[in-house]
Amino acid sequence: MPELPEVETVREGLSRWVTNRRVEAVEVRHPRAIRRHLAGAEHFAAVLAGRTILAACRRGKYLWLPLDSGDAVIGHLGMSGQLLVRPAGTADEIHLRIRFTFDDGGPELRFVDQRTFGGLSVSEGGATLPSEIAHIARDPMDPEFSDAGFVAAVRRRRTEIKRALLDQTLISGVGNIYADEALWRARLHGARPTDALTGPAITRLLGHVRDVLGEALKQGGTSFDALYVNVNGESGYFDRELNVYGREGLPCRHCGALVRREAFMNRSSFSCPRCQPRPRTPAPG
DNA sequence: AGAACTGCCTGACTGC
DNA sequence: TGCAGTCAGGCAGTTC
């Protein structure tokens, strides 16, 4: 599953392989892979044909490609999306949704997505920062991310700390997996009320978030083949060294207690019952 | 406005 | 073996 480290690796790959190339044509194989574009797939393709990609940028888990027209292509990988750079003529992937060809005849850019939770869209005038994703907060690896601003925003909220970590308007790039890992390192249960956490506690948690993302980014960077701008999400997932996520019933690496799994937002949270005791008072709401 | 909930998708897996 | 049900996940949209 592509999260911040994977998306950043994809961005680096796109920067290397598609920057300064001129799009010849765009083929949309699956209309659902085009988002927020009422004019339809044909119009989407027409707007992009002949445009040159100037860069590859990222905000949280979103990517965007500024074009020489001043517009931008926005991309989100969702759960299962991949952006692949493949030599022209390579056999189509089963879940190939969108194909970009370039007038230099070089490798194609392909959006491949099994579940089509992800997709591409065009942002008019969005080369600098598409308005569609302006609500997404900076990620904690961003030099302009404000630690103090994040701490203050979290303490103003009346919710649970894990929900706050997953709120992309507070901090971006953190998903279910990294939220659980950071909370485990901080020895905090995800149901802890945000407004009862001290500033130093939130600062410590933020440091763990940064560590987890940074370590995963290092690992993600090493496992990528140079020709591919993304890999199979599953292989990346299983390669990670996770301490609690997916380890239900296995011993906690801090204390040996058995990792528990709890229902959370129609999915799962993993934590150590001893290191991360549930708060005594439930969060408001 | 903030918080919570739902729908979007399909392949892998589980249990009967 | 086959089938139905469950799970995985981020985010846009909606509701309160």
# chains A, B, ... in the order shown; residues from 1 in each chain; ligands from 1
>>> residues_around(residues="DC11 of chain C", least_positions_apart="3", cutoff="10 Å", atoms="only C-alpha atoms (C1' of nucleotides)", output="CSV table (one decimal) with all heavy atoms, in the first residue's frame")
chain,number,residue,atom,x,y,z
A,76,HIS,N,-3.4,10.4,-7.3
A,76,HIS,CA,-3.4,9.8,-6.0
A,76,HIS,C,-3.4,8.3,-6.3
A,76,HIS,O,-4.2,7.8,-7.1
A,76,HIS,CB,-4.6,10.2,-5.2
A,76,HIS,CG,-4.5,9.9,-3.7
A,76,HIS,ND1,-4.5,8.6,-3.3
A,76,HIS,CD2,-4.2,10.7,-2.7
A,76,HIS,CE1,-4.3,8.6,-1.9
A,76,HIS,NE2,-4.2,9.9,-1.6
A,78,GLY,N,-4.2,5.9,-4.1
A,78,GLY,CA,-5.2,5.1,-3.4
A,78,GLY,C,-4.6,4.0,-2.7
A,78,GLY,O,-3.5,4.1,-2.1
A,117,PHE,N,-9.2,2.9,-6.4
A,117,PHE,CA,-9.4,3.9,-5.3
A,117,PHE,C,-8.6,5.1,-5.6
A,117,PHE,O,-8.9,6.2,-5.1
A,117,PHE,CB,-8.9,3.3,-4.0
A,117,PHE,CG,-10.0,2.7,-3.2
A,117,PHE,CD1,-11.0,2.0,-3.8
A,117,PHE,CD2,-10.0,2.8,-1.8
A,117,PHE,CE1,-12.0,1.4,-3.1
A,117,PHE,CE2,-11.0,2.2,-1.1
A,117,PHE,CZ,-12.1,1.6,-1.7
A,118,GLY,N,-7.6,5.0,-6.5
A,118,GLY,CA,-6.8,6.1,-6.9
A,118,GLY,C,-7.3,6.7,-8.2
A,118,GLY,O,-8.3,6.2,-8.7
A,168,GLN,N,-5.6,14.4,7.4
A,168,GLN,CA,-4.7,14.9,6.5
A,168,GLN,C,-4.6,16.4,6.5
A,168,GLN,O,-3.8,17.0,5.8
A,168,GLN,CB,-4.9,14.4,5.1
A,168,GLN,CG,-4.9,12.9,5.0
A,168,GLN,CD,-3.5,12.2,5.2
A,168,GLN,OE1,-2.5,12.6,4.6
A,168,GLN,NE2,-3.4,11.4,6.3
B,8,DC,P,-21.4,3.5,-3.9
B,8,DC,OP1,-22.2,4.0,-5.0
B,8,DC,OP2,-21.6,2.2,-3.4
B,8,DC,O5',-19.8,3.5,-4.5
B,8,DC,C5',-19.3,4.7,-5.0
B,8,DC,C4',-17.8,4.6,-4.9
B,8,DC,O4',-17.4,4.5,-3.5
B,8,DC,C3',-17.2,3.4,-5.6
B,8,DC,O3',-16.4,3.9,-6.7
B,8,DC,C2',-16.2,2.8,-4.5
B,8,DC,C1',-16.1,3.9,-3.5
B,8,DC,N1,-15.8,3.5,-2.1
B,8,DC,C2,-14.7,4.1,-1.5
B,8,DC,O2,-14.1,5.0,-2.1
B,8,DC,N3,-14.4,3.7,-0.2
B,8,DC,C4,-15.1,2.8,0.4
B,8,DC,N4,-14.8,2.4,1.6
B,8,DC,C5,-16.2,2.2,-0.3
B,8,DC,C6,-16.5,2.5,-1.5
>>> select_by_dssp(residues="segment 38-283 of chain A", states="strand (DSSP E or B)", output="ChimeraX atom specification")
/A:52-53,57-59,62-67,72-76,81-86,96-102,108-113,119-123,160,193,251,258,260-264,267-271
>>> atom_distance(atom1="atom CA of Ala25 of chain A", atom2="atom CA of Ala41 of chain A")
12.2 Å
>>> closest_atom_pairs(of="chain A", to="chain B", cutoff="7 Å", atoms="only C-alpha atoms (C1' of nucleotides)", output="CSV")
residue,atom,partner,partner_atom,distance
A:Gln114,CA,B:DT10,C1',6.8
A:Arg115,CA,B:DC9,C1',4.7
A:Thr116,CA,B:DC9,C1',6.0
A:Phe117,CA,B:DC9,C1',6.2
>>> closest_residue(among="A:Leu84, A:Cys255, A:Ile94, A:Leu4", to="chain C", atoms="only C-alpha atoms (C1' of nucleotides)")
A:Leu4
>>> atom_distance(atom1="atom CA of Gly126 of chain A", atom2="atom CA of Ser69 of chain A")
9.8 Å
>>> interface_residues(of="chain A", to="chain C", cutoff="8 Å", atoms="only C-alpha atoms (C1' of nucleotides)", output="PDB file with N, CA and C atoms, in the first residue's frame")
ATOM      1  N   MET A   1       0.837  -1.205   0.000  1.00  0.00           N
ATOM      2  CA  MET A   1       0.000   0.000   0.000  1.00  0.00           C
ATOM      3  C   MET A   1       0.868   1.249   0.000  1.00  0.00           C
ATOM      4  N   GLY A  78      -4.197   5.908  -4.110  1.00  0.00           N
ATOM      5  CA  GLY A  78      -5.210   5.149  -3.384  1.00  0.00           C
ATOM      6  C   GLY A  78      -4.567   3.966  -2.675  1.00  0.00           C
ATOM      7  N   MET A  79      -5.215   2.825  -2.768  1.00  0.00           N
ATOM      8  CA  MET A  79      -4.728   1.613  -2.131  1.00  0.00           C
ATOM      9  C   MET A  79      -3.770   0.848  -2.983  1.00  0.00           C
ATOM     10  N   GLY A 175      -0.619   7.085   7.449  1.00  0.00           N
ATOM     11  CA  GLY A 175      -1.743   6.178   7.247  1.00  0.00           C
ATOM     12  C   GLY A 175      -1.918   5.277   8.450  1.00  0.00           C
ATOM     13  N   ARG A 267     -11.748  -0.507  10.339  1.00  0.00           N
ATOM     14  CA  ARG A 267     -10.547  -1.268  10.050  1.00  0.00           C
ATOM     15  C   ARG A 267      -9.944  -1.708  11.367  1.00  0.00           C
TER      16      ARG A 267
END
>>> select_by_dssp(residues="segment 73-270 of chain A", states="helix (DSSP H, G or I)", output="VMD selection string")
chain A and resid 131 to 133 147 to 156 161 to 166 176 to 186 194 to 196 199 to 222 233 to 239
>>> write_last_selection(atoms="C-alpha atoms", output="PDB file, in the first residue's frame")
ATOM      1  CA  SER A 131      -6.315  24.190  -5.275  1.00  0.00           C
ATOM      2  CA  GLU A 132      -7.859  20.719  -5.085  1.00  0.00           C
ATOM      3  CA  ILE A 133      -5.179  19.623  -2.631  1.00  0.00           C
ATOM      4  CA  ASP A 147       5.930  21.417  14.855  1.00  0.00           C
ATOM      5  CA  ALA A 148       4.497  24.044  17.184  1.00  0.00           C
ATOM      6  CA  GLY A 149       1.537  24.617  14.868  1.00  0.00           C
ATOM      7  CA  PHE A 150       0.805  20.908  14.780  1.00  0.00           C
ATOM      8  CA  VAL A 151       0.992  20.555  18.557  1.00  0.00           C
ATOM      9  CA  ALA A 152      -1.361  23.497  19.041  1.00  0.00           C
ATOM     10  CA  ALA A 153      -3.824  22.227  16.426  1.00  0.00           C
ATOM     11  CA  VAL A 154      -3.925  18.757  17.982  1.00  0.00           C
ATOM     12  CA  ARG A 155      -4.557  20.154  21.447  1.00  0.00           C
ATOM     13  CA  ARG A 156      -7.419  22.275  20.124  1.00  0.00           C
ATOM     14  CA  ILE A 161      -5.022  10.970  18.940  1.00  0.00           C
ATOM     15  CA  LYS A 162      -5.055   8.300  16.242  1.00  0.00           C
ATOM     16  CA  ARG A 163      -7.887  10.058  14.413  1.00  0.00           C
ATOM     17  CA  ALA A 164      -5.832  13.242  14.572  1.00  0.00           C
ATOM     18  CA  LEU A 165      -2.788  11.478  13.099  1.00  0.00           C
ATOM     19  CA  LEU A 166      -4.916  10.253  10.199  1.00  0.00           C
ATOM     20  CA  ASN A 176      -3.128   3.426   9.439  1.00  0.00           C
ATOM     21  CA  ILE A 177       0.139   1.497   9.486  1.00  0.00           C
ATOM     22  CA  TYR A 178       2.474   4.341  10.384  1.00  0.00           C
ATOM     23  CA  ALA A 179       0.008   5.760  12.887  1.00  0.00           C
ATOM     24  CA  ASP A 180       0.028   2.454  14.793  1.00  0.00           C
ATOM     25  CA  GLU A 181       3.813   2.203  14.609  1.00  0.00           C
ATOM     26  CA  ALA A 182       4.363   5.748  15.877  1.00  0.00           C
ATOM     27  CA  LEU A 183       1.839   5.314  18.694  1.00  0.00           C
ATOM     28  CA  TRP A 184       3.579   2.112  19.753  1.00  0.00           C
ATOM     29  CA  ARG A 185       6.941   3.854  19.856  1.00  0.00           C
ATOM     30  CA  ALA A 186       5.411   6.677  21.872  1.00  0.00           C
ATOM     31  CA  THR A 194      -6.071  14.894  22.101  1.00  0.00           C
ATOM     32  CA  ASP A 195      -7.051  17.692  24.443  1.00  0.00           C
ATOM     33  CA  ALA A 196      -5.651  15.791  27.437  1.00  0.00           C
ATOM     34  CA  GLY A 199       2.546  19.561  24.440  1.00  0.00           C
ATOM     35  CA  PRO A 200       5.734  17.597  25.155  1.00  0.00           C
ATOM     36  CA  ALA A 201       3.850  14.305  24.713  1.00  0.00           C
ATOM     37  CA  ILE A 202       2.578  15.384  21.291  1.00  0.00           C
ATOM     38  CA  THR A 203       6.045  16.627  20.370  1.00  0.00           C
ATOM     39  CA  ARG A 204       7.515  13.250  21.299  1.00  0.00           C
ATOM     40  CA  LEU A 205       4.858  11.463  19.264  1.00  0.00           C
ATOM     41  CA  LEU A 206       5.615  13.703  16.298  1.00  0.00           C
ATOM     42  CA  GLY A 207       9.261  12.758  16.589  1.00  0.00           C
ATOM     43  CA  HIS A 208       8.316   9.085  16.394  1.00  0.00           C
ATOM     44  CA  VAL A 209       6.111   9.729  13.361  1.00  0.00           C
ATOM     45  CA  ARG A 210       9.071  11.404  11.698  1.00  0.00           C
ATOM     46  CA  ASP A 211      11.393   8.530  12.611  1.00  0.00           C
ATOM     47  CA  VAL A 212       9.015   5.872  11.281  1.00  0.00           C
ATOM     48  CA  LEU A 213       8.443   7.700   8.015  1.00  0.00           C
ATOM     49  CA  GLY A 214      12.143   8.412   7.606  1.00  0.00           C
ATOM     50  CA  GLU A 215      13.160   4.810   8.190  1.00  0.00           C
ATOM     51  CA  ALA A 216      10.507   3.543   5.782  1.00  0.00           C
ATOM     52  CA  LEU A 217      11.601   6.070   3.192  1.00  0.00           C
ATOM     53  CA  LYS A 218      15.145   4.773   3.394  1.00  0.00           C
ATOM     54  CA  GLN A 219      13.984   1.195   2.924  1.00  0.00           C
ATOM     55  CA  GLY A 220      11.581   2.105   0.144  1.00  0.00           C
ATOM     56  CA  GLY A 221      14.318   3.843  -1.725  1.00  0.00           C
ATOM     57  CA  THR A 222      16.556   0.814  -1.798  1.00  0.00           C
ATOM     58  CA  GLY A 233       2.762  -2.408  -2.955  1.00  0.00           C
ATOM     59  CA  GLU A 234       2.626  -5.792  -1.242  1.00  0.00           C
ATOM     60  CA  SER A 235       6.328  -6.509  -1.569  1.00  0.00           C
ATOM     61  CA  GLY A 236       7.185  -3.131  -0.117  1.00  0.00           C
ATOM     62  CA  TYR A 237       4.708  -3.686   2.676  1.00  0.00           C
ATOM     63  CA  PHE A 238       6.078  -7.023   3.752  1.00  0.00           C
ATOM     64  CA  ASP A 239       9.641  -5.816   3.594  1.00  0.00           C
TER      65      ASP A 239
END
>>> atom_distance(atom1="atom CA of Gly246 of chain A", atom2="atom CA of Phe264 of chain A")
13.8 Å
>>> residues_around(residues="Leu65 of chain A", least_positions_apart="4", cutoff="6 Å", atoms="only C-alpha atoms (C1' of nucleotides)", output="ChimeraX atom specification")
/A:55-56,72-73
>>> write_last_selection(atoms="N, CA and C atoms", output="PDB file, in the first residue's frame")
ATOM      1  N   ALA A  55       7.907  19.103 -13.885  1.00  0.00           N
ATOM      2  CA  ALA A  55       8.456  18.646 -12.608  1.00  0.00           C
ATOM      3  C   ALA A  55       7.552  17.564 -12.039  1.00  0.00           C
ATOM      4  N   ALA A  56       7.944  17.009 -10.909  1.00  0.00           N
ATOM      5  CA  ALA A  56       7.100  16.062 -10.172  1.00  0.00           C
ATOM      6  C   ALA A  56       7.095  16.494  -8.717  1.00  0.00           C
ATOM      7  N   ALA A  72      -1.897  21.321 -14.198  1.00  0.00           N
ATOM      8  CA  ALA A  72      -1.121  20.241 -13.593  1.00  0.00           C
ATOM      9  C   ALA A  72      -1.938  18.954 -13.634  1.00  0.00           C
ATOM     10  N   VAL A  73      -1.250  17.848 -13.719  1.00  0.00           N
ATOM     11  CA  VAL A  73      -1.886  16.544 -13.551  1.00  0.00           C
ATOM     12  C   VAL A  73      -1.757  16.164 -12.086  1.00  0.00           C
TER      13      VAL A  73
END
>>> residues_around(residues="Gly256 of chain A", least_positions_apart="5", cutoff="10 Å", atoms="only C-alpha atoms (C1' of nucleotides)", output="ChimeraX atom specification")
/A:250-251,272,274-275
>>> write_last_selection(atoms="N, CA and C atoms", output="PDB file, in the first residue's frame")
ATOM      1  N   LEU A 250       1.308 -11.724  18.624  1.00  0.00           N
ATOM      2  CA  LEU A 250       2.759 -11.897  18.715  1.00  0.00           C
ATOM      3  C   LEU A 250       3.297 -11.014  19.841  1.00  0.00           C
ATOM      4  N   PRO A 251       4.444 -11.373  20.422  1.00  0.00           N
ATOM      5  CA  PRO A 251       4.945 -10.615  21.575  1.00  0.00           C
ATOM      6  C   PRO A 251       5.377  -9.197  21.206  1.00  0.00           C
ATOM      7  N   CYS A 272       0.064  -2.614  21.941  1.00  0.00           N
ATOM      8  CA  CYS A 272       0.483  -3.469  23.048  1.00  0.00           C
ATOM      9  C   CYS A 272      -0.388  -3.156  24.268  1.00  0.00           C
ATOM     10  N   ARG A 274       0.106  -3.703  27.327  1.00  0.00           N
ATOM     11  CA  ARG A 274       0.846  -3.264  28.509  1.00  0.00           C
ATOM     12  C   ARG A 274       1.505  -1.893  28.289  1.00  0.00           C
ATOM     13  N   CYS A 275       2.158  -1.725  27.140  1.00  0.00           N
ATOM     14  CA  CYS A 275       2.836  -0.445  26.862  1.00  0.00           C
ATOM     15  C   CYS A 275       1.834   0.658  26.537  1.00  0.00           C
TER      16      CYS A 275
END
>>> closest_residue(among="A:Arg21, A:Arg35, A:His30, A:His43", to="Leu67 of chain A", atoms="only C-alpha atoms")
A:Arg21
>>> closest_residue(among="A:Ala39, A:Met141, A:Val23, A:Val85", to="Asp103 of chain A", atoms="only C-alpha atoms")
A:Val23
>>> residues_around(residues="Ser15 of chain A", least_positions_apart="3", cutoff="10 Å", atoms="only C-alpha atoms (C1' of nucleotides)", output="ChimeraX atom specification")
/A:9-12,18-20,53-57,65,229
>>> write_last_selection(atoms="N, CA, C and O atoms", output="short mmCIF file (atom, residue, chain, number, x, y, z; two decimals), in the first residue's frame")
data_model
loop_
_atom_site.label_atom_id
_atom_site.label_comp_id
_atom_site.auth_asym_id
_atom_site.auth_seq_id
_atom_site.Cartn_x
_atom_site.Cartn_y
_atom_site.Cartn_z
N THR A 9 8.99 8.02 -3.15
CA THR A 9 9.85 7.28 -4.07
C THR A 9 9.30 7.36 -5.49
O THR A 9 10.07 7.51 -6.45
N VAL A 10 7.99 7.30 -5.61
CA VAL A 10 7.37 7.46 -6.93
C VAL A 10 7.67 8.85 -7.48
O VAL A 10 8.03 9.00 -8.66
N ARG A 11 7.56 9.84 -6.62
CA ARG A 11 7.84 11.21 -7.07
C ARG A 11 9.27 11.33 -7.61
O ARG A 11 9.50 11.93 -8.66
N GLU A 12 10.20 10.74 -6.88
CA GLU A 12 11.59 10.80 -7.34
C GLU A 12 11.73 10.12 -8.71
O GLU A 12 12.45 10.61 -9.58
N VAL A 18 10.12 11.42 -16.28
CA VAL A 18 9.14 12.10 -17.16
C VAL A 18 9.31 13.62 -17.21
O VAL A 18 8.68 14.28 -18.03
N THR A 19 10.16 14.18 -16.34
CA THR A 19 10.35 15.63 -16.38
C THR A 19 10.96 16.04 -17.73
O THR A 19 11.83 15.35 -18.26
N ASN A 20 10.46 17.17 -18.23
CA ASN A 20 10.93 17.75 -19.50
C ASN A 20 10.61 16.89 -20.71
O ASN A 20 11.26 17.03 -21.75
N ILE A 53 5.81 18.13 -19.36
CA ILE A 53 5.82 17.97 -17.90
C ILE A 53 7.06 18.67 -17.35
O ILE A 53 8.18 18.39 -17.79
N LEU A 54 6.85 19.56 -16.42
CA LEU A 54 7.97 20.40 -15.95
C LEU A 54 8.63 19.86 -14.69
O LEU A 54 9.79 20.18 -14.42
N ALA A 55 7.91 19.10 -13.88
CA ALA A 55 8.46 18.65 -12.61
C ALA A 55 7.55 17.56 -12.04
O ALA A 55 6.50 17.25 -12.62
N ALA A 56 7.94 17.01 -10.91
CA ALA A 56 7.10 16.06 -10.17
C ALA A 56 7.09 16.49 -8.72
O ALA A 56 8.15 16.56 -8.09
N CYS A 57 5.90 16.80 -8.20
CA CYS A 57 5.78 17.35 -6.84
C CYS A 57 4.88 16.46 -6.00
O CYS A 57 4.14 15.62 -6.52
N LEU A 65 1.96 16.91 -11.37
CA LEU A 65 2.94 17.18 -12.42
C LEU A 65 2.60 18.52 -13.06
O LEU A 65 1.65 18.61 -13.85
N VAL A 229 8.95 3.27 -11.54
CA VAL A 229 8.77 4.37 -10.60
C VAL A 229 7.93 3.94 -9.42
O VAL A 229 7.64 4.71 -8.56
#
>>> residues_around(residues="Ala257 of chain A", least_positions_apart="3", cutoff="12 Å", atoms="only C-alpha atoms (C1' of nucleotides)", output="ChimeraX atom specification")
/A:244,247-254,260,271-277
